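Visitor: Sharing entry_23.cif, mmCIF, N, CA and C atoms:
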```cif
data_my_file
loop_
_atom_site.label_atom_id
_atom_site.label_comp_id
_atom_site.auth_asym_id
_atom_site.auth_seq_id
_atom_site.Cartn_x
_atom_site.Cartn_y
_atom_site.Cartn_z
N MET X 528 26.17 15.62 34.91
CA MET X 528 25.92 16.74 34.04
C MET X 528 24.50 16.63 33.49
N ARG X 529 23.79 17.70 33.54
CA ARG X 529 22.40 17.69 33.09
C ARG X 529 22.31 18.18 31.65
N GLN X 530 21.57 17.41 30.81
CA GLN X 530 21.41 17.79 29.41
C GLN X 530 20.10 18.55 29.25
N SER X 531 20.08 19.41 28.26
CA SER X 531 18.86 20.15 28.02
C SER X 531 17.83 19.24 27.34
N ARG X 532 16.62 19.67 27.36
CA ARG X 532 15.52 18.91 26.78
C ARG X 532 15.70 18.74 25.28
N TYR X 533 16.24 19.72 24.61
CA TYR X 533 16.39 19.68 23.15
C TYR X 533 17.50 18.74 22.71
N SER X 534 18.55 18.63 23.45
CA SER X 534 19.63 17.72 23.05
C SER X 534 19.20 16.26 23.23
N LEU X 535 18.34 15.98 24.17
CA LEU X 535 17.83 14.61 24.33
C LEU X 535 16.92 14.23 23.17
N ALA X 536 16.16 15.18 22.69
CA ALA X 536 15.25 14.90 21.57
C ALA X 536 16.02 14.68 20.28
N ALA X 537 17.20 15.23 20.16
CA ALA X 537 17.98 15.09 18.93
C ALA X 537 18.63 13.71 18.83
N THR X 538 18.86 13.06 19.94
CA THR X 538 19.49 11.74 19.90
C THR X 538 18.40 10.67 19.80
N PRO X 539 18.47 9.82 18.77
CA PRO X 539 17.45 8.77 18.63
C PRO X 539 17.62 7.69 19.70
N LEU X 540 16.52 7.26 20.23
CA LEU X 540 16.56 6.20 21.24
C LEU X 540 16.41 4.86 20.57
N LYS X 541 17.04 3.83 21.11
CA LYS X 541 16.95 2.49 20.55
C LYS X 541 15.62 1.89 20.96
N ASP X 542 14.88 1.43 19.96
CA ASP X 542 13.58 0.82 20.20
C ASP X 542 13.77 -0.64 20.58
N PRO X 543 13.37 -1.05 21.77
CA PRO X 543 13.57 -2.45 22.18
C PRO X 543 12.70 -3.42 21.40
N TRP X 544 11.63 -2.96 20.76
CA TRP X 544 10.72 -3.85 20.03
C TRP X 544 10.97 -3.83 18.53
N GLU X 545 12.04 -3.18 18.10
CA GLU X 545 12.31 -3.02 16.67
C GLU X 545 12.41 -4.35 15.94
N LYS X 546 13.13 -5.31 16.50
CA LYS X 546 13.28 -6.61 15.85
C LYS X 546 11.95 -7.36 15.78
N ARG X 547 11.17 -7.25 16.83
CA ARG X 547 9.89 -7.97 16.87
C ARG X 547 8.84 -7.35 15.94
N GLU X 548 8.99 -6.10 15.59
CA GLU X 548 8.06 -5.42 14.70
C GLU X 548 8.48 -5.47 13.24
N ALA X 549 9.68 -5.95 12.94
CA ALA X 549 10.21 -5.92 11.58
C ALA X 549 9.37 -6.76 10.63
N TRP X 550 8.75 -7.83 11.09
CA TRP X 550 7.97 -8.70 10.20
C TRP X 550 6.79 -7.96 9.58
N ARG X 551 6.32 -6.90 10.20
CA ARG X 551 5.16 -6.18 9.69
C ARG X 551 5.46 -5.45 8.38
N TYR X 552 6.71 -5.25 8.06
CA TYR X 552 7.08 -4.45 6.91
C TYR X 552 7.90 -5.23 5.88
N THR X 553 7.93 -6.56 5.99
CA THR X 553 8.69 -7.38 5.05
C THR X 553 7.80 -8.48 4.50
N GLY X 554 8.24 -9.06 3.39
CA GLY X 554 7.54 -10.21 2.82
C GLY X 554 6.14 -9.87 2.35
N GLN X 555 5.18 -10.69 2.73
CA GLN X 555 3.81 -10.49 2.27
C GLN X 555 3.15 -9.28 2.92
N PHE X 556 3.76 -8.72 3.92
CA PHE X 556 3.19 -7.55 4.59
C PHE X 556 3.87 -6.25 4.17
N SER X 557 4.69 -6.27 3.13
CA SER X 557 5.34 -5.05 2.67
C SER X 557 4.29 -4.11 2.09
N ARG X 558 4.63 -2.85 1.96
CA ARG X 558 3.68 -1.84 1.47
C ARG X 558 3.19 -2.20 0.06
N TYR X 559 4.11 -2.64 -0.79
CA TYR X 559 3.74 -3.00 -2.17
C TYR X 559 2.72 -4.13 -2.17
N ASN X 560 2.95 -5.17 -1.40
CA ASN X 560 2.05 -6.32 -1.41
C ASN X 560 0.70 -5.98 -0.77
N ARG X 561 0.68 -5.10 0.20
CA ARG X 561 -0.60 -4.69 0.79
C ARG X 561 -1.42 -3.90 -0.21
N LEU X 562 -0.80 -3.01 -0.97
CA LEU X 562 -1.52 -2.21 -1.95
C LEU X 562 -1.93 -3.04 -3.15
N LYS X 563 -1.10 -4.02 -3.51
CA LYS X 563 -1.39 -4.87 -4.66
C LYS X 563 -2.66 -5.70 -4.41
N GLY X 564 -2.85 -6.14 -3.22
CA GLY X 564 -4.01 -6.97 -2.91
C GLY X 564 -5.25 -6.20 -2.52
N MET X 565 -5.19 -4.88 -2.57
CA MET X 565 -6.32 -4.08 -2.11
C MET X 565 -7.52 -4.17 -3.06
N PHE X 566 -7.26 -4.21 -4.37
CA PHE X 566 -8.33 -4.29 -5.37
C PHE X 566 -8.09 -5.52 -6.24
N PRO X 567 -8.48 -6.70 -5.79
CA PRO X 567 -8.09 -7.93 -6.50
C PRO X 567 -8.71 -8.07 -7.88
N GLY X 568 -9.91 -7.61 -8.15
CA GLY X 568 -10.53 -7.79 -9.44
C GLY X 568 -10.53 -6.57 -10.31
N PHE X 569 -9.83 -5.54 -9.92
CA PHE X 569 -9.87 -4.28 -10.65
C PHE X 569 -9.28 -4.42 -12.06
N GLY X 570 -8.17 -5.12 -12.20
CA GLY X 570 -7.52 -5.28 -13.50
C GLY X 570 -8.40 -6.05 -14.48
N VAL X 571 -9.02 -7.12 -14.00
CA VAL X 571 -9.90 -7.92 -14.86
C VAL X 571 -11.12 -7.11 -15.25
N GLY X 572 -11.70 -6.41 -14.32
CA GLY X 572 -12.88 -5.60 -14.60
C GLY X 572 -12.60 -4.46 -15.57
N ALA X 573 -11.48 -3.78 -15.38
CA ALA X 573 -11.12 -2.68 -16.27
C ALA X 573 -10.86 -3.20 -17.69
N THR X 574 -10.20 -4.34 -17.80
CA THR X 574 -9.93 -4.93 -19.12
C THR X 574 -11.22 -5.32 -19.80
N ALA X 575 -12.13 -5.94 -19.08
CA ALA X 575 -13.42 -6.34 -19.66
C ALA X 575 -14.21 -5.11 -20.12
N PHE X 576 -14.19 -4.06 -19.34
CA PHE X 576 -14.91 -2.84 -19.70
C PHE X 576 -14.34 -2.21 -20.97
N VAL X 577 -13.02 -2.14 -21.07
CA VAL X 577 -12.38 -1.57 -22.26
C VAL X 577 -12.69 -2.42 -23.48
N LEU X 578 -12.61 -3.74 -23.36
CA LEU X 578 -12.93 -4.61 -24.49
C LEU X 578 -14.38 -4.44 -24.93
N TYR X 579 -15.29 -4.32 -23.99
CA TYR X 579 -16.70 -4.12 -24.33
C TYR X 579 -16.90 -2.79 -25.06
N CYS X 580 -16.24 -1.73 -24.58
CA CYS X 580 -16.37 -0.42 -25.24
C CYS X 580 -15.82 -0.47 -26.66
N VAL X 581 -14.70 -1.16 -26.87
CA VAL X 581 -14.12 -1.29 -28.21
C VAL X 581 -15.06 -2.09 -29.09
N TYR X 582 -15.62 -3.18 -28.60
CA TYR X 582 -16.57 -4.00 -29.36
C TYR X 582 -17.79 -3.17 -29.75
N GLU X 583 -18.33 -2.44 -28.80
CA GLU X 583 -19.52 -1.63 -29.07
C GLU X 583 -19.24 -0.56 -30.12
N LYS X 584 -18.06 0.01 -30.10
CA LYS X 584 -17.70 1.07 -31.04
C LYS X 584 -17.47 0.52 -32.45
N LEU X 585 -16.86 -0.68 -32.55
CA LEU X 585 -16.47 -1.20 -33.85
C LEU X 585 -17.49 -2.17 -34.46
N ALA X 586 -18.05 -3.05 -33.68
CA ALA X 586 -18.82 -4.14 -34.25
C ALA X 586 -20.33 -4.03 -34.05
N ALA X 587 -20.77 -3.23 -33.13
CA ALA X 587 -22.21 -3.15 -32.85
C ALA X 587 -22.92 -2.44 -34.00
N THR X 588 -24.13 -2.87 -34.26
CA THR X 588 -24.90 -2.23 -35.34
C THR X 588 -25.44 -0.89 -34.86
N PRO X 589 -25.45 0.11 -35.72
CA PRO X 589 -25.98 1.41 -35.32
C PRO X 589 -27.51 1.36 -35.24
N GLY X 590 -28.07 2.22 -34.43
CA GLY X 590 -29.53 2.28 -34.27
C GLY X 590 -30.07 1.04 -33.57
N GLY X 591 -29.60 0.75 -32.41
CA GLY X 591 -29.94 -0.47 -31.68
C GLY X 591 -31.41 -0.60 -31.33
N HIS X 592 -32.19 0.45 -31.23
CA HIS X 592 -33.59 0.32 -30.83
C HIS X 592 -34.39 0.15 -32.07
#
```
When written as structure tokens, how does the structure in this file appear?

Guide:
Amino acid sequence: MRQSRYSLAATPLKDPWEKREAWRYTGQFSRYNRLKGMFPGFGVGATAFVLYCVYEKLAATPGGH
């Protein structure tokens, strides 16, 4: 019996490499861990910038020049 082209597309095919590719999406290679390591110094830099702005606003003498 011949199946139509559309009914074949509706049935998912088993990927023979699925088990071998699973490591790419778990552990240290998960999406969260990849995004977390994308900007390693951003948190420290943003904190330092905010602290400097607060210091300048509160403690710096007016008329610096």

Visitor: One number please: atom CA of X:Arg551 to atom CA of X:Lys563, in Å, one decimal.

Guide: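 Distance reported for this atom pair: 15.8 Å.
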
Visitor: For a test of reading the model, state the distance in Å between atom CA of X:Leu585 and atom N of X:Val571, rounded to one decimal.

Guide: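 Atom CA of X:Leu585 sits 22.0 Å away from atom N of X:Val571.
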
Visitor: What's the separation between atom N of X:Thr553 and atom N of X:Ala573, in Å to one decimal place?

Guide: 29.0 Å

Visitor: Please write a file for stretch 540-574 of chain X, taken from the block I just shared, that holds N, CA and C atoms and is laid out as a PDB file, in the first residue's frame.

Guide:
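Contents of selection-v2.pdb, as written:
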```pdb
ATOM      1  N   LEU X 540      10.176  10.496  12.469  1.00  0.00           N
ATOM      2  CA  LEU X 540      11.134   9.414  12.249  1.00  0.00           C
ATOM      3  C   LEU X 540      12.082   9.336  13.426  1.00  0.00           C
ATOM      4  N   LYS X 541      12.535   8.145  13.763  1.00  0.00           N
ATOM      5  CA  LYS X 541      13.460   7.954  14.871  1.00  0.00           C
ATOM      6  C   LYS X 541      14.847   8.364  14.410  1.00  0.00           C
ATOM      7  N   ASP X 542      15.457   9.257  15.178  1.00  0.00           N
ATOM      8  CA  ASP X 542      16.795   9.737  14.850  1.00  0.00           C
ATOM      9  C   ASP X 542      17.822   8.743  15.394  1.00  0.00           C
ATOM     10  N   PRO X 543      18.627   8.135  14.546  1.00  0.00           N
ATOM     11  CA  PRO X 543      19.609   7.156  15.034  1.00  0.00           C
ATOM     12  C   PRO X 543      20.726   7.793  15.850  1.00  0.00           C
ATOM     13  N   TRP X 544      20.949   9.098  15.730  1.00  0.00           N
ATOM     14  CA  TRP X 544      22.038   9.767  16.449  1.00  0.00           C
ATOM     15  C   TRP X 544      21.551  10.493  17.693  1.00  0.00           C
ATOM     16  N   GLU X 545      20.291  10.296  18.060  1.00  0.00           N
ATOM     17  CA  GLU X 545      19.707  11.036  19.177  1.00  0.00           C
ATOM     18  C   GLU X 545      20.461  10.825  20.482  1.00  0.00           C
ATOM     19  N   LYS X 546      20.818   9.589  20.796  1.00  0.00           N
ATOM     20  CA  LYS X 546      21.536   9.320  22.039  1.00  0.00           C
ATOM     21  C   LYS X 546      22.933   9.934  22.030  1.00  0.00           C
ATOM     22  N   ARG X 547      23.575   9.897  20.881  1.00  0.00           N
ATOM     23  CA  ARG X 547      24.941  10.424  20.789  1.00  0.00           C
ATOM     24  C   ARG X 547      24.972  11.955  20.823  1.00  0.00           C
ATOM     25  N   GLU X 548      23.880  12.607  20.487  1.00  0.00           N
ATOM     26  CA  GLU X 548      23.807  14.059  20.498  1.00  0.00           C
ATOM     27  C   GLU X 548      23.264  14.620  21.811  1.00  0.00           C
ATOM     28  N   ALA X 549      22.781  13.770  22.705  1.00  0.00           N
ATOM     29  CA  ALA X 549      22.135  14.237  23.934  1.00  0.00           C
ATOM     30  C   ALA X 549      23.093  15.005  24.829  1.00  0.00           C
ATOM     31  N   TRP X 550      24.372  14.695  24.814  1.00  0.00           N
ATOM     32  CA  TRP X 550      25.334  15.376  25.688  1.00  0.00           C
ATOM     33  C   TRP X 550      25.430  16.860  25.375  1.00  0.00           C
ATOM     34  N   ARG X 551      25.082  17.270  24.175  1.00  0.00           N
ATOM     35  CA  ARG X 551      25.195  18.677  23.795  1.00  0.00           C
ATOM     36  C   ARG X 551      24.197  19.568  24.531  1.00  0.00           C
ATOM     37  N   TYR X 552      23.172  18.986  25.104  1.00  0.00           N
ATOM     38  CA  TYR X 552      22.104  19.767  25.708  1.00  0.00           C
ATOM     39  C   TYR X 552      21.941  19.484  27.203  1.00  0.00           C
ATOM     40  N   THR X 553      22.914  18.825  27.826  1.00  0.00           N
ATOM     41  CA  THR X 553      22.829  18.514  29.252  1.00  0.00           C
ATOM     42  C   THR X 553      24.101  18.974  29.951  1.00  0.00           C
ATOM     43  N   GLY X 554      24.014  19.080  31.265  1.00  0.00           N
ATOM     44  CA  GLY X 554      25.189  19.403  32.072  1.00  0.00           C
ATOM     45  C   GLY X 554      25.752  20.776  31.775  1.00  0.00           C
ATOM     46  N   GLN X 555      27.048  20.845  31.584  1.00  0.00           N
ATOM     47  CA  GLN X 555      27.691  22.135  31.355  1.00  0.00           C
ATOM     48  C   GLN X 555      27.367  22.722  29.992  1.00  0.00           C
ATOM     49  N   PHE X 556      26.767  21.953  29.122  1.00  0.00           N
ATOM     50  CA  PHE X 556      26.414  22.447  27.793  1.00  0.00           C
ATOM     51  C   PHE X 556      24.938  22.799  27.667  1.00  0.00           C
ATOM     52  N   SER X 557      24.209  22.847  28.777  1.00  0.00           N
ATOM     53  CA  SER X 557      22.796  23.207  28.715  1.00  0.00           C
ATOM     54  C   SER X 557      22.668  24.672  28.308  1.00  0.00           C
ATOM     55  N   ARG X 558      21.490  25.056  27.867  1.00  0.00           N
ATOM     56  CA  ARG X 558      21.272  26.430  27.390  1.00  0.00           C
ATOM     57  C   ARG X 558      21.548  27.444  28.504  1.00  0.00           C
ATOM     58  N   TYR X 559      21.107  27.134  29.722  1.00  0.00           N
ATOM     59  CA  TYR X 559      21.324  28.054  30.845  1.00  0.00           C
ATOM     60  C   TYR X 559      22.816  28.260  31.097  1.00  0.00           C
ATOM     61  N   ASN X 560      23.580  27.196  31.123  1.00  0.00           N
ATOM     62  CA  ASN X 560      25.009  27.321  31.413  1.00  0.00           C
ATOM     63  C   ASN X 560      25.765  28.006  30.276  1.00  0.00           C
ATOM     64  N   ARG X 561      25.333  27.815  29.051  1.00  0.00           N
ATOM     65  CA  ARG X 561      25.987  28.512  27.940  1.00  0.00           C
ATOM     66  C   ARG X 561      25.725  30.008  28.015  1.00  0.00           C
ATOM     67  N   LEU X 562      24.514  30.417  28.349  1.00  0.00           N
ATOM     68  CA  LEU X 562      24.195  31.836  28.443  1.00  0.00           C
ATOM     69  C   LEU X 562      24.815  32.469  29.674  1.00  0.00           C
ATOM     70  N   LYS X 563      24.923  31.695  30.759  1.00  0.00           N
ATOM     71  CA  LYS X 563      25.495  32.215  31.994  1.00  0.00           C
ATOM     72  C   LYS X 563      26.974  32.568  31.798  1.00  0.00           C
ATOM     73  N   GLY X 564      27.676  31.799  31.038  1.00  0.00           N
ATOM     74  CA  GLY X 564      29.097  32.043  30.834  1.00  0.00           C
ATOM     75  C   GLY X 564      29.416  32.993  29.691  1.00  0.00           C
ATOM     76  N   MET X 565      28.399  33.547  29.056  1.00  0.00           N
ATOM     77  CA  MET X 565      28.636  34.387  27.891  1.00  0.00           C
ATOM     78  C   MET X 565      29.279  35.727  28.263  1.00  0.00           C
ATOM     79  N   PHE X 566      28.875  36.311  29.388  1.00  0.00           N
ATOM     80  CA  PHE X 566      29.417  37.596  29.837  1.00  0.00           C
ATOM     81  C   PHE X 566      29.985  37.422  31.245  1.00  0.00           C
ATOM     82  N   PRO X 567      31.190  36.904  31.381  1.00  0.00           N
ATOM     83  CA  PRO X 567      31.697  36.535  32.707  1.00  0.00           C
ATOM     84  C   PRO X 567      31.914  37.708  33.649  1.00  0.00           C
ATOM     85  N   GLY X 568      32.298  38.886  33.193  1.00  0.00           N
ATOM     86  CA  GLY X 568      32.567  40.000  34.085  1.00  0.00           C
ATOM     87  C   GLY X 568      31.485  41.045  34.115  1.00  0.00           C
ATOM     88  N   PHE X 569      30.358  40.777  33.512  1.00  0.00           N
ATOM     89  CA  PHE X 569      29.308  41.779  33.413  1.00  0.00           C
ATOM     90  C   PHE X 569      28.741  42.152  34.780  1.00  0.00           C
ATOM     91  N   GLY X 570      28.501  41.180  35.641  1.00  0.00           N
ATOM     92  CA  GLY X 570      27.930  41.448  36.960  1.00  0.00           C
ATOM     93  C   GLY X 570      28.857  42.291  37.820  1.00  0.00           C
ATOM     94  N   VAL X 571      30.148  41.972  37.800  1.00  0.00           N
ATOM     95  CA  VAL X 571      31.127  42.725  38.582  1.00  0.00           C
ATOM     96  C   VAL X 571      31.245  44.140  38.037  1.00  0.00           C
ATOM     97  N   GLY X 572      31.289  44.281  36.743  1.00  0.00           N
ATOM     98  CA  GLY X 572      31.408  45.603  36.131  1.00  0.00           C
ATOM     99  C   GLY X 572      30.188  46.474  36.386  1.00  0.00           C
ATOM    100  N   ALA X 573      29.003  45.898  36.270  1.00  0.00           N
ATOM    101  CA  ALA X 573      27.777  46.659  36.505  1.00  0.00           C
ATOM    102  C   ALA X 573      27.691  47.097  37.969  1.00  0.00           C
ATOM    103  N   THR X 574      28.083  46.218  38.885  1.00  0.00           N
ATOM    104  CA  THR X 574      28.064  46.568  40.307  1.00  0.00           C
ATOM    105  C   THR X 574      29.045  47.687  40.600  1.00  0.00           C
TER     106      THR X 574
END
```
